[in-house]
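Remarks on the structure that follows.
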Amino acid sequence: MSAVPEADGASILLVEDDPLEAAIVTAILEKAGHRIVHHADPVAATKALDGERFDIVLCDYMMPRMNGLQVLRRARFHLPDSVRIIITSRSDFDIAVEAINQGEIYKFLRKPVDERELLVTVRLALERVQMQREVVRLTEALRLREAELAALNRS
């Protein structure tokens with residue numbers, strides 16, 4: 001059994017205030033079969049986290065009103081099993097450390113985004129999400145079997 005079904009694309013929330021970068025990332029990911037929901041405004045993006053399930057949250061770091069780490073913190077709270085990726089044109093090591101420590105990010109990508117790196121990162125992130133969900137499913141199935149066994153032992 002494959003961890004990632006070939007036909008299934010990821011559901012991705014893209015938070016990017018640069019229209020050109022957003023268009024490029026969206027085109028690359030849609031061509032690869034993923035569903036993209038784009039928000040240029042990070043505040044609007046955080047509201048989208050309440051109503052929809054995303055496999056991956058791909059977020060710019062520098063944005064007006066809220067930075068990418070703040071968005072990813074909220075994503076972690078609302079969608080703990082999602083994979084969070086940050087993109088930035090800045091190559092500041094401190095940002096990467098802060099992102100890893102506070103936002104629990106999976107990967108740190110630099111702008112302009114390299115198509116191949118983006119596609120590989122998203123593919124691996126989707127595999128991770130699906131494996132995490134499978135672990136949860138199997139853990140629950142095991143818990144139910146253990147409860148059935150305990151009930152049989154009592155009777």
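Ordered as shown in the structure tokens, chains take letters A, B, and onward, while each chain numbers its residues from 1 and ligands are numbered from 1 in the order shown.
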
Would you list the contacts of Pro42 of chain A as a list in words, taking every protein, DNA or RNA residue within 9 Å and counting only C-alpha atoms, but skipping same-chain residues closer than 2 positions in sequence?
Val15, Glu16, Asp17, His39, Ala40, Ala44, Ala45, Thr46, Lys47, Cys59, Met63, Pro64, Arg65, Met66, Asn67, Gly68, Gln70 and Val71 of chain A

Written file, previous selection with C-alpha atoms, as an mmCIF file, in the first residue's frame:
data_model
loop_
_atom_site.group_PDB
_atom_site.id
_atom_site.type_symbol
_atom_site.label_atom_id
_atom_site.label_comp_id
_atom_site.auth_asym_id
_atom_site.auth_seq_id
_atom_site.Cartn_x
_atom_site.Cartn_y
_atom_site.Cartn_z
ATOM 1 C CA VAL A 15 -0.731 32.959 2.290
ATOM 2 C CA GLU A 16 1.246 35.324 0.066
ATOM 3 C CA ASP A 17 0.812 39.079 -0.342
ATOM 4 C CA HIS A 39 -5.188 34.658 0.647
ATOM 5 C CA ALA A 40 -3.105 37.797 0.201
ATOM 6 C CA ALA A 44 -8.253 36.631 6.261
ATOM 7 C CA ALA A 45 -6.124 33.512 5.956
ATOM 8 C CA THR A 46 -6.311 32.853 9.695
ATOM 9 C CA LYS A 47 -10.110 33.063 9.474
ATOM 10 C CA CYS A 59 3.037 31.065 4.105
ATOM 11 C CA MET A 63 3.454 40.568 5.242
ATOM 12 C CA PRO A 64 1.535 43.593 6.460
ATOM 13 C CA ARG A 65 -0.573 43.315 9.645
ATOM 14 C CA MET A 66 0.782 39.887 10.621
ATOM 15 C CA ASN A 67 3.947 37.955 9.862
ATOM 16 C CA GLY A 68 4.139 34.377 8.657
ATOM 17 C CA GLN A 70 1.926 34.408 13.588
ATOM 18 C CA VAL A 71 -0.140 32.799 10.828
#

Could you pull out the residues in segment 19-154 of chain A that DSSP calls alpha helix (DSSP H) from the backbone, as a PDB file with C-alpha atoms, in the first residue's frame?
ATOM      1  CA  PRO A  19       0.602  38.779  -6.430  1.00  0.00           C
ATOM      2  CA  LEU A  20       3.339  37.598  -8.812  1.00  0.00           C
ATOM      3  CA  GLU A  21       4.823  35.100  -6.333  1.00  0.00           C
ATOM      4  CA  ALA A  22       1.320  33.870  -5.460  1.00  0.00           C
ATOM      5  CA  ALA A  23       0.476  33.376  -9.142  1.00  0.00           C
ATOM      6  CA  ILE A  24       3.691  31.446  -9.776  1.00  0.00           C
ATOM      7  CA  VAL A  25       3.311  29.179  -6.728  1.00  0.00           C
ATOM      8  CA  THR A  26      -0.379  28.602  -7.494  1.00  0.00           C
ATOM      9  CA  ALA A  27       0.329  27.710 -11.126  1.00  0.00           C
ATOM     10  CA  ILE A  28       3.086  25.252 -10.169  1.00  0.00           C
ATOM     11  CA  LEU A  29       1.009  23.527  -7.517  1.00  0.00           C
ATOM     12  CA  GLU A  30      -2.260  23.438  -9.455  1.00  0.00           C
ATOM     13  CA  LYS A  31      -0.440  21.934 -12.438  1.00  0.00           C
ATOM     14  CA  PRO A  42      -2.848  37.017   6.532  1.00  0.00           C
ATOM     15  CA  VAL A  43      -5.753  38.001   8.796  1.00  0.00           C
ATOM     16  CA  ALA A  44      -8.253  36.631   6.261  1.00  0.00           C
ATOM     17  CA  ALA A  45      -6.124  33.512   5.956  1.00  0.00           C
ATOM     18  CA  THR A  46      -6.311  32.853   9.695  1.00  0.00           C
ATOM     19  CA  LYS A  47     -10.110  33.063   9.474  1.00  0.00           C
ATOM     20  CA  ALA A  48     -10.040  30.419   6.720  1.00  0.00           C
ATOM     21  CA  LEU A  49      -8.301  28.079   9.168  1.00  0.00           C
ATOM     22  CA  ASP A  50     -11.499  27.827  11.209  1.00  0.00           C
ATOM     23  CA  GLY A  51     -13.724  26.636   8.398  1.00  0.00           C
ATOM     24  CA  GLY A  68       4.139  34.377   8.657  1.00  0.00           C
ATOM     25  CA  LEU A  69       5.088  32.984  12.063  1.00  0.00           C
ATOM     26  CA  GLN A  70       1.926  34.408  13.588  1.00  0.00           C
ATOM     27  CA  VAL A  71      -0.140  32.799  10.828  1.00  0.00           C
ATOM     28  CA  LEU A  72       1.632  29.451  11.261  1.00  0.00           C
ATOM     29  CA  ARG A  73       1.123  29.534  15.037  1.00  0.00           C
ATOM     30  CA  ARG A  74      -2.599  29.852  14.439  1.00  0.00           C
ATOM     31  CA  ALA A  75      -2.455  27.133  11.797  1.00  0.00           C
ATOM     32  CA  ARG A  76      -0.739  24.829  14.294  1.00  0.00           C
ATOM     33  CA  PHE A  77      -3.534  25.503  16.793  1.00  0.00           C
ATOM     34  CA  HIS A  78      -6.429  25.030  14.321  1.00  0.00           C
ATOM     35  CA  PHE A  93      19.122  32.469  10.189  1.00  0.00           C
ATOM     36  CA  ASP A  94      17.312  33.883  13.228  1.00  0.00           C
ATOM     37  CA  ILE A  95      14.017  33.839  11.319  1.00  0.00           C
ATOM     38  CA  ALA A  96      14.543  30.177  10.470  1.00  0.00           C
ATOM     39  CA  VAL A  97      15.292  29.278  14.084  1.00  0.00           C
ATOM     40  CA  GLU A  98      12.292  31.256  15.322  1.00  0.00           C
ATOM     41  CA  ALA A  99      10.073  29.635  12.695  1.00  0.00           C
ATOM     42  CA  ILE A 100      11.186  26.168  13.649  1.00  0.00           C
ATOM     43  CA  ASN A 101      10.827  26.797  17.386  1.00  0.00           C
ATOM     44  CA  GLN A 102       7.562  28.721  17.383  1.00  0.00           C
ATOM     45  CA  GLY A 103       5.752  27.692  14.244  1.00  0.00           C
ATOM     46  CA  GLU A 115       9.789  24.847  -8.846  1.00  0.00           C
ATOM     47  CA  ARG A 116      11.507  21.531  -8.265  1.00  0.00           C
ATOM     48  CA  GLU A 117      12.211  22.232  -4.590  1.00  0.00           C
ATOM     49  CA  LEU A 118       8.622  23.366  -4.067  1.00  0.00           C
ATOM     50  CA  LEU A 119       7.167  20.249  -5.695  1.00  0.00           C
ATOM     51  CA  VAL A 120       9.452  17.870  -3.785  1.00  0.00           C
ATOM     52  CA  THR A 121       8.750  19.674  -0.514  1.00  0.00           C
ATOM     53  CA  VAL A 122       4.981  19.532  -1.047  1.00  0.00           C
ATOM     54  CA  ARG A 123       5.101  15.851  -2.052  1.00  0.00           C
ATOM     55  CA  LEU A 124       7.100  14.943   1.061  1.00  0.00           C
ATOM     56  CA  ALA A 125       4.883  17.133   3.257  1.00  0.00           C
ATOM     57  CA  LEU A 126       1.768  15.397   1.926  1.00  0.00           C
ATOM     58  CA  GLU A 127       3.331  11.995   2.631  1.00  0.00           C
ATOM     59  CA  ARG A 128       4.023  13.162   6.182  1.00  0.00           C
ATOM     60  CA  VAL A 129       0.430  14.356   6.673  1.00  0.00           C
ATOM     61  CA  GLN A 130      -0.965  11.099   5.362  1.00  0.00           C
ATOM     62  CA  MET A 131       1.349   9.024   7.535  1.00  0.00           C
ATOM     63  CA  GLN A 132       0.388  11.049  10.629  1.00  0.00           C
ATOM     64  CA  ARG A 133      -3.305  10.541   9.847  1.00  0.00           C
ATOM     65  CA  GLU A 134      -2.732   6.818   9.310  1.00  0.00           C
ATOM     66  CA  VAL A 135      -1.009   6.562  12.701  1.00  0.00           C
ATOM     67  CA  VAL A 136      -4.007   8.246  14.330  1.00  0.00           C
ATOM     68  CA  ARG A 137      -6.409   5.889  12.510  1.00  0.00           C
ATOM     69  CA  LEU A 138      -4.417   2.782  13.460  1.00  0.00           C
ATOM     70  CA  THR A 139      -4.043   3.939  17.079  1.00  0.00           C
ATOM     71  CA  GLU A 140      -7.803   4.388  17.333  1.00  0.00           C
ATOM     72  CA  ALA A 141      -8.417   0.961  15.741  1.00  0.00           C
ATOM     73  CA  LEU A 142      -5.988  -0.595  18.230  1.00  0.00           C
ATOM     74  CA  ARG A 143      -7.713   1.142  21.131  1.00  0.00           C
ATOM     75  CA  LEU A 144     -11.079  -0.239  19.989  1.00  0.00           C
ATOM     76  CA  ARG A 145      -9.655  -3.768  19.606  1.00  0.00           C
ATOM     77  CA  GLU A 146      -8.124  -3.590  23.079  1.00  0.00           C
ATOM     78  CA  ALA A 147     -11.500  -2.526  24.497  1.00  0.00           C
ATOM     79  CA  GLU A 148     -13.190  -5.453  22.695  1.00  0.00           C
ATOM     80  CA  LEU A 149     -10.572  -7.859  24.032  1.00  0.00           C
ATOM     81  CA  ALA A 150     -10.986  -6.530  27.578  1.00  0.00           C
ATOM     82  CA  ALA A 151     -14.764  -6.975  27.286  1.00  0.00           C
ATOM     83  CA  LEU A 152     -14.304 -10.564  26.058  1.00  0.00           C
ATOM     84  CA  ASN A 153     -11.915 -11.298  28.915  1.00  0.00           C
ATOM     85  CA  ARG A 154     -14.467 -10.000  31.451  1.00  0.00           C
TER      86      ARG A 154
END
